[in-house]
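Raw start27.pdb, PDB, N, CA and C atoms:
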```pdb
ATOM      1  N   MET A   1     109.794 118.699  95.292
ATOM      2  CA  MET A   1     110.302 119.658  96.261
ATOM      3  C   MET A   1     110.375 118.973  97.621
ATOM      4  N   ALA A   2     111.545 118.963  98.221
ATOM      5  CA  ALA A   2     111.714 118.366  99.545
ATOM      6  C   ALA A   2     111.156 119.312 100.608
ATOM      7  N   LEU A   3     110.465 118.740 101.558
ATOM      8  CA  LEU A   3     109.865 119.521 102.630
ATOM      9  C   LEU A   3     110.468 119.101 103.958
ATOM     10  N   ASP A   4     110.467 119.994 104.935
ATOM     11  CA  ASP A   4     110.998 119.627 106.246
ATOM     12  C   ASP A   4     110.003 118.721 106.974
ATOM     13  N   SER A   5     110.484 118.084 108.035
ATOM     14  CA  SER A   5     109.659 117.100 108.747
ATOM     15  C   SER A   5     108.438 117.742 109.404
ATOM     16  N   SER A   6     108.552 118.997 109.823
ATOM     17  CA  SER A   6     107.404 119.685 110.413
ATOM     18  C   SER A   6     106.280 119.849 109.384
ATOM     19  N   THR A   7     106.652 120.265 108.183
ATOM     20  CA  THR A   7     105.650 120.428 107.118
ATOM     21  C   THR A   7     105.047 119.085 106.744
ATOM     22  N   LEU A   8     105.879 118.052 106.645
ATOM     23  CA  LEU A   8     105.356 116.715 106.341
ATOM     24  C   LEU A   8     104.388 116.248 107.425
ATOM     25  N   GLY A   9     104.683 116.571 108.674
ATOM     26  CA  GLY A   9     103.781 116.210 109.772
ATOM     27  C   GLY A   9     102.433 116.904 109.644
ATOM     28  N   ARG A  10     102.465 118.186 109.274
ATOM     29  CA  ARG A  10     101.211 118.924 109.084
ATOM     30  C   ARG A  10     100.428 118.365 107.896
ATOM     31  N   LEU A  11     101.147 117.990 106.834
ATOM     32  CA  LEU A  11     100.477 117.374 105.677
ATOM     33  C   LEU A  11      99.832 116.052 106.068
ATOM     34  N   LYS A  12     100.540 115.270 106.871
ATOM     35  CA  LYS A  12      99.993 113.979 107.305
ATOM     36  C   LYS A  12      98.726 114.174 108.137
ATOM     37  N   THR A  13      98.748 115.163 109.015
ATOM     38  CA  THR A  13      97.567 115.447 109.838
ATOM     39  C   THR A  13      96.374 115.809 108.947
ATOM     40  N   ALA A  14      96.611 116.679 107.973
ATOM     41  CA  ALA A  14      95.525 117.065 107.060
ATOM     42  C   ALA A  14      95.051 115.870 106.246
ATOM     43  N   SER A  15      95.993 115.053 105.767
ATOM     44  CA  SER A  15      95.637 113.880 104.976
ATOM     45  C   SER A  15      94.837 112.877 105.807
ATOM     46  N   ASP A  16      95.299 112.615 107.027
ATOM     47  CA  ASP A  16      94.583 111.669 107.902
ATOM     48  C   ASP A  16      93.165 112.133 108.190
ATOM     49  N   ALA A  17      92.962 113.444 108.231
ATOM     50  CA  ALA A  17      91.630 114.008 108.478
ATOM     51  C   ALA A  17      90.796 114.085 107.199
ATOM     52  N   GLY A  18      91.424 113.775 106.059
ATOM     53  CA  GLY A  18      90.712 113.880 104.787
ATOM     54  C   GLY A  18      90.464 115.317 104.376
ATOM     55  N   ASP A  19      91.269 116.229 104.891
ATOM     56  CA  ASP A  19      91.077 117.659 104.632
ATOM     57  C   ASP A  19      91.939 118.087 103.446
ATOM     58  N   ARG A  20      91.411 117.906 102.246
ATOM     59  CA  ARG A  20      92.159 118.223 101.036
ATOM     60  C   ARG A  20      92.467 119.723 100.939
ATOM     61  N   THR A  21      91.516 120.541 101.319
ATOM     62  CA  THR A  21      91.738 121.987 101.269
ATOM     63  C   THR A  21      92.928 122.368 102.132
ATOM     64  N   LYS A  22      92.954 121.913 103.365
ATOM     65  CA  LYS A  22      94.059 122.237 104.275
ATOM     66  C   LYS A  22      95.379 121.687 103.732
ATOM     67  N   TYR A  23      95.360 120.465 103.209
ATOM     68  CA  TYR A  23      96.561 119.837 102.671
ATOM     69  C   TYR A  23      97.193 120.722 101.596
ATOM     70  N   TYR A  24      96.385 121.148 100.641
ATOM     71  CA  TYR A  24      96.924 121.944  99.541
ATOM     72  C   TYR A  24      97.200 123.386  99.946
ATOM     73  N   GLU A  25      96.513 123.888 100.974
ATOM     74  CA  GLU A  25      96.849 125.213 101.505
ATOM     75  C   GLU A  25      98.242 125.192 102.138
ATOM     76  N   ILE A  26      98.576 124.085 102.809
ATOM     77  CA  ILE A  26      99.911 123.945 103.399
ATOM     78  C   ILE A  26     100.960 123.960 102.288
ATOM     79  N   LEU A  27     100.735 123.185 101.228
ATOM     80  CA  LEU A  27     101.684 123.156 100.119
ATOM     81  C   LEU A  27     101.821 124.536  99.477
ATOM     82  N   THR A  28     100.705 125.227  99.340
ATOM     83  CA  THR A  28     100.740 126.574  98.765
ATOM     84  C   THR A  28     101.550 127.511  99.656
ATOM     85  N   ALA A  29     101.369 127.404 100.963
ATOM     86  CA  ALA A  29     102.062 128.285 101.907
ATOM     87  C   ALA A  29     103.577 128.091 101.879
ATOM     88  N   VAL A  30     104.027 126.862 101.566
ATOM     89  CA  VAL A  30     105.481 126.623 101.506
ATOM     90  C   VAL A  30     106.003 126.752 100.069
ATOM     91  N   ARG A  31     105.176 127.333  99.213
ATOM     92  CA  ARG A  31     105.540 127.639  97.821
ATOM     93  C   ARG A  31     105.833 126.402  96.970
ATOM     94  N   ASP A  32     105.157 125.308  97.283
ATOM     95  CA  ASP A  32     105.267 124.129  96.431
ATOM     96  C   ASP A  32     104.383 124.377  95.208
ATOM     97  N   PRO A  33     104.909 124.229  94.009
ATOM     98  CA  PRO A  33     104.122 124.576  92.814
ATOM     99  C   PRO A  33     102.866 123.724  92.615
ATOM    100  N   TYR A  34     102.823 122.534  93.200
ATOM    101  CA  TYR A  34     101.645 121.681  93.063
ATOM    102  C   TYR A  34     100.481 122.194  93.922
ATOM    103  N   GLY A  35     100.792 122.891  95.005
ATOM    104  CA  GLY A  35      99.761 123.358  95.935
ATOM    105  C   GLY A  35      98.669 124.194  95.302
ATOM    106  N   PRO A  36      99.011 125.303  94.631
ATOM    107  CA  PRO A  36      97.960 126.144  94.050
ATOM    108  C   PRO A  36      97.151 125.431  92.956
ATOM    109  N   LEU A  37      97.827 124.602  92.161
ATOM    110  CA  LEU A  37      97.120 123.878  91.111
ATOM    111  C   LEU A  37      96.084 122.934  91.706
ATOM    112  N   ALA A  38      96.517 122.103  92.657
ATOM    113  CA  ALA A  38      95.607 121.138  93.269
ATOM    114  C   ALA A  38      94.520 121.830  94.084
ATOM    115  N   LEU A  39      94.873 122.903  94.765
ATOM    116  CA  LEU A  39      93.876 123.646  95.536
ATOM    117  C   LEU A  39      92.807 124.212  94.613
ATOM    118  N   GLY A  40      93.222 124.674  93.443
ATOM    119  CA  GLY A  40      92.257 125.181  92.465
ATOM    120  C   GLY A  40      91.289 124.112  91.989
ATOM    121  N   VAL A  41      91.771 122.867  91.886
ATOM    122  CA  VAL A  41      90.889 121.760  91.500
ATOM    123  C   VAL A  41      89.909 121.459  92.635
ATOM    124  N   VAL A  42      90.440 121.368  93.846
ATOM    125  CA  VAL A  42      89.600 121.031  95.003
ATOM    126  C   VAL A  42      88.519 122.090  95.229
ATOM    127  N   LYS A  43      88.916 123.352  95.180
ATOM    128  CA  LYS A  43      87.971 124.434  95.471
ATOM    129  C   LYS A  43      87.244 124.951  94.237
ATOM    130  N   GLN A  44      87.696 124.500  93.051
ATOM    131  CA  GLN A  44      87.150 125.010  91.795
ATOM    132  C   GLN A  44      87.256 126.530  91.756
ATOM    133  N   SER A  45      88.398 127.029  92.235
ATOM    134  CA  SER A  45      88.575 128.469  92.392
ATOM    135  C   SER A  45      89.501 129.094  91.352
ATOM    136  N   THR A  46      90.057 128.276  90.476
ATOM    137  CA  THR A  46      90.943 128.799  89.439
ATOM    138  C   THR A  46      90.512 128.237  88.085
ATOM    139  N   MET A  47      90.922 128.926  87.045
ATOM    140  CA  MET A  47      90.602 128.437  85.705
ATOM    141  C   MET A  47      91.224 127.066  85.478
ATOM    142  N   SER A  48      92.490 126.891  85.881
ATOM    143  CA  SER A  48      93.143 125.594  85.671
ATOM    144  C   SER A  48      92.453 124.495  86.471
ATOM    145  N   GLY A  49      91.971 124.816  87.648
ATOM    146  CA  GLY A  49      91.240 123.833  88.456
ATOM    147  C   GLY A  49      89.928 123.422  87.810
ATOM    148  N   ARG A  50      89.213 124.393  87.265
ATOM    149  CA  ARG A  50      87.938 124.086  86.602
ATOM    150  C   ARG A  50      88.173 123.306  85.310
ATOM    151  N   VAL A  51      89.225 123.669  84.582
ATOM    152  CA  VAL A  51      89.540 122.956  83.341
ATOM    153  C   VAL A  51      89.918 121.505  83.649
ATOM    154  N   ALA A  52      90.732 121.303  84.677
ATOM    155  CA  ALA A  52      91.137 119.944  85.051
ATOM    156  C   ALA A  52      89.925 119.082  85.401
ATOM    157  N   ARG A  53      89.015 119.643  86.164
ATOM    158  CA  ARG A  53      87.828 118.875  86.547
ATOM    159  C   ARG A  53      86.936 118.608  85.333
ATOM    160  N   CYS A  54      86.725 119.606  84.512
ATOM    161  CA  CYS A  54      85.906 119.411  83.301
ATOM    162  C   CYS A  54      86.519 118.360  82.389
ATOM    163  N   TYR A  55      87.838 118.383  82.265
ATOM    164  CA  TYR A  55      88.515 117.390  81.431
ATOM    165  C   TYR A  55      88.284 115.980  81.986
ATOM    166  N   ALA A  56      88.449 115.815  83.284
ATOM    167  CA  ALA A  56      88.233 114.502  83.902
ATOM    168  C   ALA A  56      86.797 114.029  83.698
ATOM    169  N   LEU A  57      85.854 114.936  83.863
ATOM    170  CA  LEU A  57      84.448 114.568  83.672
ATOM    171  C   LEU A  57      84.155 114.227  82.213
ATOM    172  N   ALA A  58      84.740 114.965  81.282
ATOM    173  CA  ALA A  58      84.524 114.703  79.858
ATOM    174  C   ALA A  58      85.110 113.352  79.454
ATOM    175  N   VAL A  59      86.309 113.058  79.928
ATOM    176  CA  VAL A  59      86.936 111.776  79.602
ATOM    177  C   VAL A  59      86.124 110.628  80.195
ATOM    178  N   SER A  60      85.677 110.787  81.423
ATOM    179  CA  SER A  60      84.898 109.718  82.047
ATOM    180  C   SER A  60      83.578 109.504  81.306
ATOM    181  N   ALA A  61      82.952 110.577  80.855
ATOM    182  CA  ALA A  61      81.699 110.444  80.102
ATOM    183  C   ALA A  61      81.952 109.773  78.755
ATOM    184  N   ARG A  62      83.052 110.153  78.089
ATOM    185  CA  ARG A  62      83.394 109.542  76.808
ATOM    186  C   ARG A  62      83.651 108.040  76.971
ATOM    187  N   CYS A  63      84.190 107.664  78.099
ATOM    188  CA  CYS A  63      84.449 106.241  78.380
ATOM    189  C   CYS A  63      83.229 105.540  78.973
ATOM    190  N   GLN A  64      82.128 106.271  79.036
ATOM    191  CA  GLN A  64      80.869 105.770  79.595
ATOM    192  C   GLN A  64      81.039 105.297  81.046
ATOM    193  N   ARG A  65      81.826 106.066  81.784
ATOM    194  CA  ARG A  65      82.034 105.807  83.205
ATOM    195  C   ARG A  65      81.885 107.122  83.949
ATOM    196  N   PRO A  66      80.661 107.640  84.023
ATOM    197  CA  PRO A  66      80.476 108.948  84.659
ATOM    198  C   PRO A  66      80.961 108.956  86.109
ATOM    199  N   ILE A  67      81.457 110.110  86.506
ATOM    200  CA  ILE A  67      81.981 110.276  87.862
ATOM    201  C   ILE A  67      80.939 111.015  88.695
ATOM    202  N   ASP A  68      80.417 110.330  89.715
ATOM    203  CA  ASP A  68      79.489 111.001  90.629
ATOM    204  C   ASP A  68      80.286 111.671  91.752
ATOM    205  N   ARG A  69      79.598 112.379  92.616
ATOM    206  CA  ARG A  69      80.271 113.136  93.681
ATOM    207  C   ARG A  69      81.119 112.238  94.576
ATOM    208  N   ALA A  70      80.595 111.095  94.970
ATOM    209  CA  ALA A  70      81.342 110.193  95.857
ATOM    210  C   ALA A  70      82.608 109.676  95.179
ATOM    211  N   THR A  71      82.503 109.349  93.908
ATOM    212  CA  THR A  71      83.677 108.873  93.171
ATOM    213  C   THR A  71      84.707 109.981  93.048
ATOM    214  N   TRP A  72      84.243 111.194  92.730
ATOM    215  CA  TRP A  72      85.157 112.328  92.609
ATOM    216  C   TRP A  72      85.905 112.551  93.924
ATOM    217  N   LEU A  73      85.193 112.480  95.046
ATOM    218  CA  LEU A  73      85.827 112.666  96.348
ATOM    219  C   LEU A  73      86.842 111.555  96.628
ATOM    220  N   ASN A  74      86.514 110.317  96.249
ATOM    221  CA  ASN A  74      87.454 109.206  96.429
ATOM    222  C   ASN A  74      88.711 109.399  95.591
ATOM    223  N   ILE A  75      88.537 109.853  94.356
ATOM    224  CA  ILE A  75      89.694 110.122  93.492
ATOM    225  C   ILE A  75      90.552 111.222  94.104
ATOM    226  N   SER A  76      89.929 112.298  94.528
ATOM    227  CA  SER A  76      90.640 113.434  95.097
ATOM    228  C   SER A  76      91.388 113.029  96.365
ATOM    229  N   ASP A  77      90.726 112.258  97.216
ATOM    230  CA  ASP A  77      91.354 111.791  98.453
ATOM    231  C   ASP A  77      92.529 110.868  98.133
ATOM    232  N   GLY A  78      92.355 109.993  97.164
ATOM    233  CA  GLY A  78      93.432 109.085  96.771
ATOM    234  C   GLY A  78      94.643 109.825  96.229
ATOM    235  N   LEU A  79      94.398 110.881  95.456
ATOM    236  CA  LEU A  79      95.507 111.681  94.931
ATOM    237  C   LEU A  79      96.268 112.376  96.055
ATOM    238  N   MET A  80      95.534 112.879  97.036
ATOM    239  CA  MET A  80      96.183 113.537  98.168
ATOM    240  C   MET A  80      97.053 112.542  98.936
ATOM    241  N   ARG A  81      96.517 111.366  99.198
ATOM    242  CA  ARG A  81      97.275 110.352  99.953
ATOM    243  C   ARG A  81      98.484 109.855  99.161
ATOM    244  N   ALA A  82      98.328 109.713  97.848
ATOM    245  CA  ALA A  82      99.454 109.290  97.005
ATOM    246  C   ALA A  82     100.537 110.374  96.988
ATOM    247  N   ASP A  83     100.126 111.649  96.956
ATOM    248  CA  ASP A  83     101.089 112.744  96.994
ATOM    249  C   ASP A  83     101.880 112.697  98.293
ATOM    250  N   LEU A  84     101.190 112.517  99.411
ATOM    251  CA  LEU A  84     101.869 112.456 100.705
ATOM    252  C   LEU A  84     102.838 111.273 100.745
ATOM    253  N   ALA A  85     102.401 110.118 100.287
ATOM    254  CA  ALA A  85     103.270 108.933 100.297
ATOM    255  C   ALA A  85     104.530 109.169  99.471
ATOM    256  N   ALA A  86     104.388 109.810  98.323
ATOM    257  CA  ALA A  86     105.554 110.107  97.481
ATOM    258  C   ALA A  86     106.495 111.080  98.184
ATOM    259  N   ARG A  87     105.945 112.076  98.843
ATOM    260  CA  ARG A  87     106.782 113.039  99.555
ATOM    261  C   ARG A  87     107.494 112.376 100.733
ATOM    262  N   GLN A  88     106.816 111.464 101.418
ATOM    263  CA  GLN A  88     107.445 110.750 102.526
ATOM    264  C   GLN A  88     108.568 109.838 102.016
ATOM    265  N   ARG A  89     108.356 109.179 100.883
ATOM    266  CA  ARG A  89     109.415 108.341 100.305
ATOM    267  C   ARG A  89     110.619 109.195  99.932
ATOM    268  N   THR A  90     110.373 110.364  99.374
ATOM    269  CA  THR A  90     111.455 111.264  98.990
ATOM    270  C   THR A  90     112.239 111.700 100.222
ATOM    271  N   GLU A  91     111.531 112.027 101.297
ATOM    272  CA  GLU A  91     112.211 112.436 102.532
ATOM    273  C   GLU A  91     113.075 111.291 103.047
ATOM    274  N   ASN A  92     112.525 110.069 103.056
ATOM    275  CA  ASN A  92     113.288 108.923 103.546
ATOM    276  C   ASN A  92     114.494 108.649 102.655
ATOM    277  N   TYR A  93     114.324 108.778 101.370
ATOM    278  CA  TYR A  93     115.426 108.563 100.430
ATOM    279  C   TYR A  93     116.537 109.580 100.681
ATOM    280  N   GLU A  94     116.143 110.838 100.801
ATOM    281  CA  GLU A  94     117.149 111.886 101.011
ATOM    282  C   GLU A  94     117.849 111.730 102.352
ATOM    283  N   ALA A  95     117.124 111.271 103.376
ATOM    284  CA  ALA A  95     117.726 111.086 104.693
ATOM    285  C   ALA A  95     118.710 109.918 104.679
ATOM    286  N   ASP A  96     118.452 108.909 103.860
ATOM    287  CA  ASP A  96     119.303 107.723 103.800
ATOM    288  C   ASP A  96     120.427 107.823 102.774
ATOM    289  N   THR A  97     120.438 108.895 101.984
ATOM    290  CA  THR A  97     121.432 109.049 100.935
ATOM    291  C   THR A  97     122.561 109.952 101.424
ATOM    292  N   PRO A  98     123.789 109.446 101.401
ATOM    293  CA  PRO A  98     124.902 110.301 101.848
ATOM    294  C   PRO A  98     125.095 111.487 100.913
ATOM    295  N   SER A  99     125.482 112.578 101.490
ATOM    296  CA  SER A  99     125.751 113.791 100.699
ATOM    297  C   SER A  99     127.030 113.607  99.888
ATOM    298  N   LEU A 100     127.029 114.175  98.707
ATOM    299  CA  LEU A 100     128.211 114.089  97.852
ATOM    300  C   LEU A 100     129.134 115.282  98.056
ATOM    301  N   ARG A 101     128.825 116.146  98.985
ATOM    302  CA  ARG A 101     129.633 117.338  99.236
ATOM    303  C   ARG A 101     130.893 117.011  99.989
TER     304      ARG A 101
END
```

So, in terms of structure tokens, how does the structure I just supplied come out?
Amino acid sequence: MALDSSTLGRLKTASDAGDRTKYYEILTAVRDPYGPLALGVVKQSTMSGRVARCYALAVSARCQRPIDRATWLNISDGLMRADLAARQRTENYEADTPSLR
């Protein structure tokens, strides 16, 4: 989903601050379908969020690489930053691509 530059700026501010909750609240507010899913994982406030976290923990335990709190936070932060980078690339691509209309 392409976002306007104002929304991308707000996402960048939240990402730079490491505020995952705010980042995904912004996405939720602009009706991006990834926002509620990711927010549920971060806040553990939805069934899908709890299932996603339990699945990650189960896989890591099966691989004998348990995830502690610091690792979980690093993974979560990395996913947020990767999401922002992908959205910024999409914005740049769309801005540099001539319209076919």

For region 21-23 of chain A, list every protein, DNA or RNA residue within 12 Å, evaluated using only C-alpha atoms, and leave out those in the same chain fewer than 2 positions away; present the list as a PDB file with N, CA and C atoms, in the frame of the given file.
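That gives us selection-v4.pdb:
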```pdb
ATOM      1  N   THR A   7     106.652 120.265 108.183  1.00  0.00           N
ATOM      2  CA  THR A   7     105.650 120.428 107.118  1.00  0.00           C
ATOM      3  C   THR A   7     105.047 119.085 106.744  1.00  0.00           C
ATOM      4  N   LEU A   8     105.879 118.052 106.645  1.00  0.00           N
ATOM      5  CA  LEU A   8     105.356 116.715 106.341  1.00  0.00           C
ATOM      6  C   LEU A   8     104.388 116.248 107.425  1.00  0.00           C
ATOM      7  N   GLY A   9     104.683 116.571 108.674  1.00  0.00           N
ATOM      8  CA  GLY A   9     103.781 116.210 109.772  1.00  0.00           C
ATOM      9  C   GLY A   9     102.433 116.904 109.644  1.00  0.00           C
ATOM     10  N   ARG A  10     102.465 118.186 109.274  1.00  0.00           N
ATOM     11  CA  ARG A  10     101.211 118.924 109.084  1.00  0.00           C
ATOM     12  C   ARG A  10     100.428 118.365 107.896  1.00  0.00           C
ATOM     13  N   LEU A  11     101.147 117.990 106.834  1.00  0.00           N
ATOM     14  CA  LEU A  11     100.477 117.374 105.677  1.00  0.00           C
ATOM     15  C   LEU A  11      99.832 116.052 106.068  1.00  0.00           C
ATOM     16  N   LYS A  12     100.540 115.270 106.871  1.00  0.00           N
ATOM     17  CA  LYS A  12      99.993 113.979 107.305  1.00  0.00           C
ATOM     18  C   LYS A  12      98.726 114.174 108.137  1.00  0.00           C
ATOM     19  N   THR A  13      98.748 115.163 109.015  1.00  0.00           N
ATOM     20  CA  THR A  13      97.567 115.447 109.838  1.00  0.00           C
ATOM     21  C   THR A  13      96.374 115.809 108.947  1.00  0.00           C
ATOM     22  N   ALA A  14      96.611 116.679 107.973  1.00  0.00           N
ATOM     23  CA  ALA A  14      95.525 117.065 107.060  1.00  0.00           C
ATOM     24  C   ALA A  14      95.051 115.870 106.246  1.00  0.00           C
ATOM     25  N   SER A  15      95.993 115.053 105.767  1.00  0.00           N
ATOM     26  CA  SER A  15      95.637 113.880 104.976  1.00  0.00           C
ATOM     27  C   SER A  15      94.837 112.877 105.807  1.00  0.00           C
ATOM     28  N   ASP A  16      95.299 112.615 107.027  1.00  0.00           N
ATOM     29  CA  ASP A  16      94.583 111.669 107.902  1.00  0.00           C
ATOM     30  C   ASP A  16      93.165 112.133 108.190  1.00  0.00           C
ATOM     31  N   ALA A  17      92.962 113.444 108.231  1.00  0.00           N
ATOM     32  CA  ALA A  17      91.630 114.008 108.478  1.00  0.00           C
ATOM     33  C   ALA A  17      90.796 114.085 107.199  1.00  0.00           C
ATOM     34  N   GLY A  18      91.424 113.775 106.059  1.00  0.00           N
ATOM     35  CA  GLY A  18      90.712 113.880 104.787  1.00  0.00           C
ATOM     36  C   GLY A  18      90.464 115.317 104.376  1.00  0.00           C
ATOM     37  N   ASP A  19      91.269 116.229 104.891  1.00  0.00           N
ATOM     38  CA  ASP A  19      91.077 117.659 104.632  1.00  0.00           C
ATOM     39  C   ASP A  19      91.939 118.087 103.446  1.00  0.00           C
ATOM     40  N   GLU A  25      96.513 123.888 100.974  1.00  0.00           N
ATOM     41  CA  GLU A  25      96.849 125.213 101.505  1.00  0.00           C
ATOM     42  C   GLU A  25      98.242 125.192 102.138  1.00  0.00           C
ATOM     43  N   ILE A  26      98.576 124.085 102.809  1.00  0.00           N
ATOM     44  CA  ILE A  26      99.911 123.945 103.399  1.00  0.00           C
ATOM     45  C   ILE A  26     100.960 123.960 102.288  1.00  0.00           C
ATOM     46  N   LEU A  27     100.735 123.185 101.228  1.00  0.00           N
ATOM     47  CA  LEU A  27     101.684 123.156 100.119  1.00  0.00           C
ATOM     48  C   LEU A  27     101.821 124.536  99.477  1.00  0.00           C
ATOM     49  N   THR A  28     100.705 125.227  99.340  1.00  0.00           N
ATOM     50  CA  THR A  28     100.740 126.574  98.765  1.00  0.00           C
ATOM     51  C   THR A  28     101.550 127.511  99.656  1.00  0.00           C
ATOM     52  N   ALA A  29     101.369 127.404 100.963  1.00  0.00           N
ATOM     53  CA  ALA A  29     102.062 128.285 101.907  1.00  0.00           C
ATOM     54  C   ALA A  29     103.577 128.091 101.879  1.00  0.00           C
ATOM     55  N   VAL A  30     104.027 126.862 101.566  1.00  0.00           N
ATOM     56  CA  VAL A  30     105.481 126.623 101.506  1.00  0.00           C
ATOM     57  C   VAL A  30     106.003 126.752 100.069  1.00  0.00           C
ATOM     58  N   ASP A  32     105.157 125.308  97.283  1.00  0.00           N
ATOM     59  CA  ASP A  32     105.267 124.129  96.431  1.00  0.00           C
ATOM     60  C   ASP A  32     104.383 124.377  95.208  1.00  0.00           C
ATOM     61  N   TYR A  34     102.823 122.534  93.200  1.00  0.00           N
ATOM     62  CA  TYR A  34     101.645 121.681  93.063  1.00  0.00           C
ATOM     63  C   TYR A  34     100.481 122.194  93.922  1.00  0.00           C
ATOM     64  N   GLY A  35     100.792 122.891  95.005  1.00  0.00           N
ATOM     65  CA  GLY A  35      99.761 123.358  95.935  1.00  0.00           C
ATOM     66  C   GLY A  35      98.669 124.194  95.302  1.00  0.00           C
ATOM     67  N   PRO A  36      99.011 125.303  94.631  1.00  0.00           N
ATOM     68  CA  PRO A  36      97.960 126.144  94.050  1.00  0.00           C
ATOM     69  C   PRO A  36      97.151 125.431  92.956  1.00  0.00           C
ATOM     70  N   LEU A  37      97.827 124.602  92.161  1.00  0.00           N
ATOM     71  CA  LEU A  37      97.120 123.878  91.111  1.00  0.00           C
ATOM     72  C   LEU A  37      96.084 122.934  91.706  1.00  0.00           C
ATOM     73  N   ALA A  38      96.517 122.103  92.657  1.00  0.00           N
ATOM     74  CA  ALA A  38      95.607 121.138  93.269  1.00  0.00           C
ATOM     75  C   ALA A  38      94.520 121.830  94.084  1.00  0.00           C
ATOM     76  N   LEU A  39      94.873 122.903  94.765  1.00  0.00           N
ATOM     77  CA  LEU A  39      93.876 123.646  95.536  1.00  0.00           C
ATOM     78  C   LEU A  39      92.807 124.212  94.613  1.00  0.00           C
ATOM     79  N   GLY A  40      93.222 124.674  93.443  1.00  0.00           N
ATOM     80  CA  GLY A  40      92.257 125.181  92.465  1.00  0.00           C
ATOM     81  C   GLY A  40      91.289 124.112  91.989  1.00  0.00           C
ATOM     82  N   VAL A  41      91.771 122.867  91.886  1.00  0.00           N
ATOM     83  CA  VAL A  41      90.889 121.760  91.500  1.00  0.00           C
ATOM     84  C   VAL A  41      89.909 121.459  92.635  1.00  0.00           C
ATOM     85  N   VAL A  42      90.440 121.368  93.846  1.00  0.00           N
ATOM     86  CA  VAL A  42      89.600 121.031  95.003  1.00  0.00           C
ATOM     87  C   VAL A  42      88.519 122.090  95.229  1.00  0.00           C
ATOM     88  N   LYS A  43      88.916 123.352  95.180  1.00  0.00           N
ATOM     89  CA  LYS A  43      87.971 124.434  95.471  1.00  0.00           C
ATOM     90  C   LYS A  43      87.244 124.951  94.237  1.00  0.00           C
ATOM     91  N   GLN A  44      87.696 124.500  93.051  1.00  0.00           N
ATOM     92  CA  GLN A  44      87.150 125.010  91.795  1.00  0.00           C
ATOM     93  C   GLN A  44      87.256 126.530  91.756  1.00  0.00           C
ATOM     94  N   SER A  45      88.398 127.029  92.235  1.00  0.00           N
ATOM     95  CA  SER A  45      88.575 128.469  92.392  1.00  0.00           C
ATOM     96  C   SER A  45      89.501 129.094  91.352  1.00  0.00           C
ATOM     97  N   SER A  76      89.929 112.298  94.528  1.00  0.00           N
ATOM     98  CA  SER A  76      90.640 113.434  95.097  1.00  0.00           C
ATOM     99  C   SER A  76      91.388 113.029  96.365  1.00  0.00           C
ATOM    100  N   ASP A  77      90.726 112.258  97.216  1.00  0.00           N
ATOM    101  CA  ASP A  77      91.354 111.791  98.453  1.00  0.00           C
ATOM    102  C   ASP A  77      92.529 110.868  98.133  1.00  0.00           C
ATOM    103  N   LEU A  79      94.398 110.881  95.456  1.00  0.00           N
ATOM    104  CA  LEU A  79      95.507 111.681  94.931  1.00  0.00           C
ATOM    105  C   LEU A  79      96.268 112.376  96.055  1.00  0.00           C
ATOM    106  N   MET A  80      95.534 112.879  97.036  1.00  0.00           N
ATOM    107  CA  MET A  80      96.183 113.537  98.168  1.00  0.00           C
ATOM    108  C   MET A  80      97.053 112.542  98.936  1.00  0.00           C
ATOM    109  N   ARG A  81      96.517 111.366  99.198  1.00  0.00           N
ATOM    110  CA  ARG A  81      97.275 110.352  99.953  1.00  0.00           C
ATOM    111  C   ARG A  81      98.484 109.855  99.161  1.00  0.00           C
ATOM    112  N   ASP A  83     100.126 111.649  96.956  1.00  0.00           N
ATOM    113  CA  ASP A  83     101.089 112.744  96.994  1.00  0.00           C
ATOM    114  C   ASP A  83     101.880 112.697  98.293  1.00  0.00           C
ATOM    115  N   LEU A  84     101.190 112.517  99.411  1.00  0.00           N
ATOM    116  CA  LEU A  84     101.869 112.456 100.705  1.00  0.00           C
ATOM    117  C   LEU A  84     102.838 111.273 100.745  1.00  0.00           C
TER     118      LEU A  84
END
```

Interatomic distance, CA of Gln64 (chain A) to atom N of Ala82 (chain A) (Å, one decimal):
25.6 Å

Could you jot down the CA of Ala85 (chain A) to CA of Ala61 (chain A) separation for me, Å, one decimal place?
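Straight-line distance from CA of Ala85 (chain A) to CA of Ala61 (chain A) works out to 29.6 Å.
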
Atom C of Arg31 (chain A) to CA of Ala52 (chain A) measures 20.0 Å

Of the candidates A:Asn74, A:Ser60, A:Ser48, A:Thr90, which one gets nearest to Arg20 (chain A) if we count only C-alpha atoms?
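Among the listed residues, the smallest separation from Arg20 (chain A) belongs to A:Asn74.
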
If DSSP is run on the backbone, what residues of region 16-69 of chain A are helix (DSSP H, G or I)? A reply as number ranges by chain would be ideal.
A: 16, 20-29, 34-43, 47-62, 69

Could region 75-90 of chain A be written out with C-alpha atoms, as a PDB file, in the first residue's frame, please?
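Once written, selection.pdb looks like this:
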```
ATOM      1  CA  ILE A  75      13.797  -8.944  15.904  1.00  0.00           C
ATOM      2  CA  SER A  76      10.728  -6.741  16.314  1.00  0.00           C
ATOM      3  CA  ASP A  77      12.749  -3.554  15.829  1.00  0.00           C
ATOM      4  CA  GLY A  78      14.451  -5.013  12.755  1.00  0.00           C
ATOM      5  CA  LEU A  79      11.103  -5.936  11.215  1.00  0.00           C
ATOM      6  CA  MET A  80       9.797  -2.419  11.773  1.00  0.00           C
ATOM      7  CA  ARG A  81      12.877  -0.849  10.168  1.00  0.00           C
ATOM      8  CA  ALA A  82      12.751  -3.286   7.233  1.00  0.00           C
ATOM      9  CA  ASP A  83       9.058  -2.448   6.720  1.00  0.00           C
ATOM     10  CA  LEU A  84       9.848   1.271   6.643  1.00  0.00           C
ATOM     11  CA  ALA A  85      12.744   0.766   4.215  1.00  0.00           C
ATOM     12  CA  ALA A  86      10.500  -1.228   1.866  1.00  0.00           C
ATOM     13  CA  ARG A  87       7.809   1.445   1.995  1.00  0.00           C
ATOM     14  CA  GLN A  88      10.380   4.166   1.290  1.00  0.00           C
ATOM     15  CA  ARG A  89      11.724   2.202  -1.702  1.00  0.00           C
ATOM     16  CA  THR A  90       8.177   1.817  -3.009  1.00  0.00           C
TER      17      THR A  90
END
```
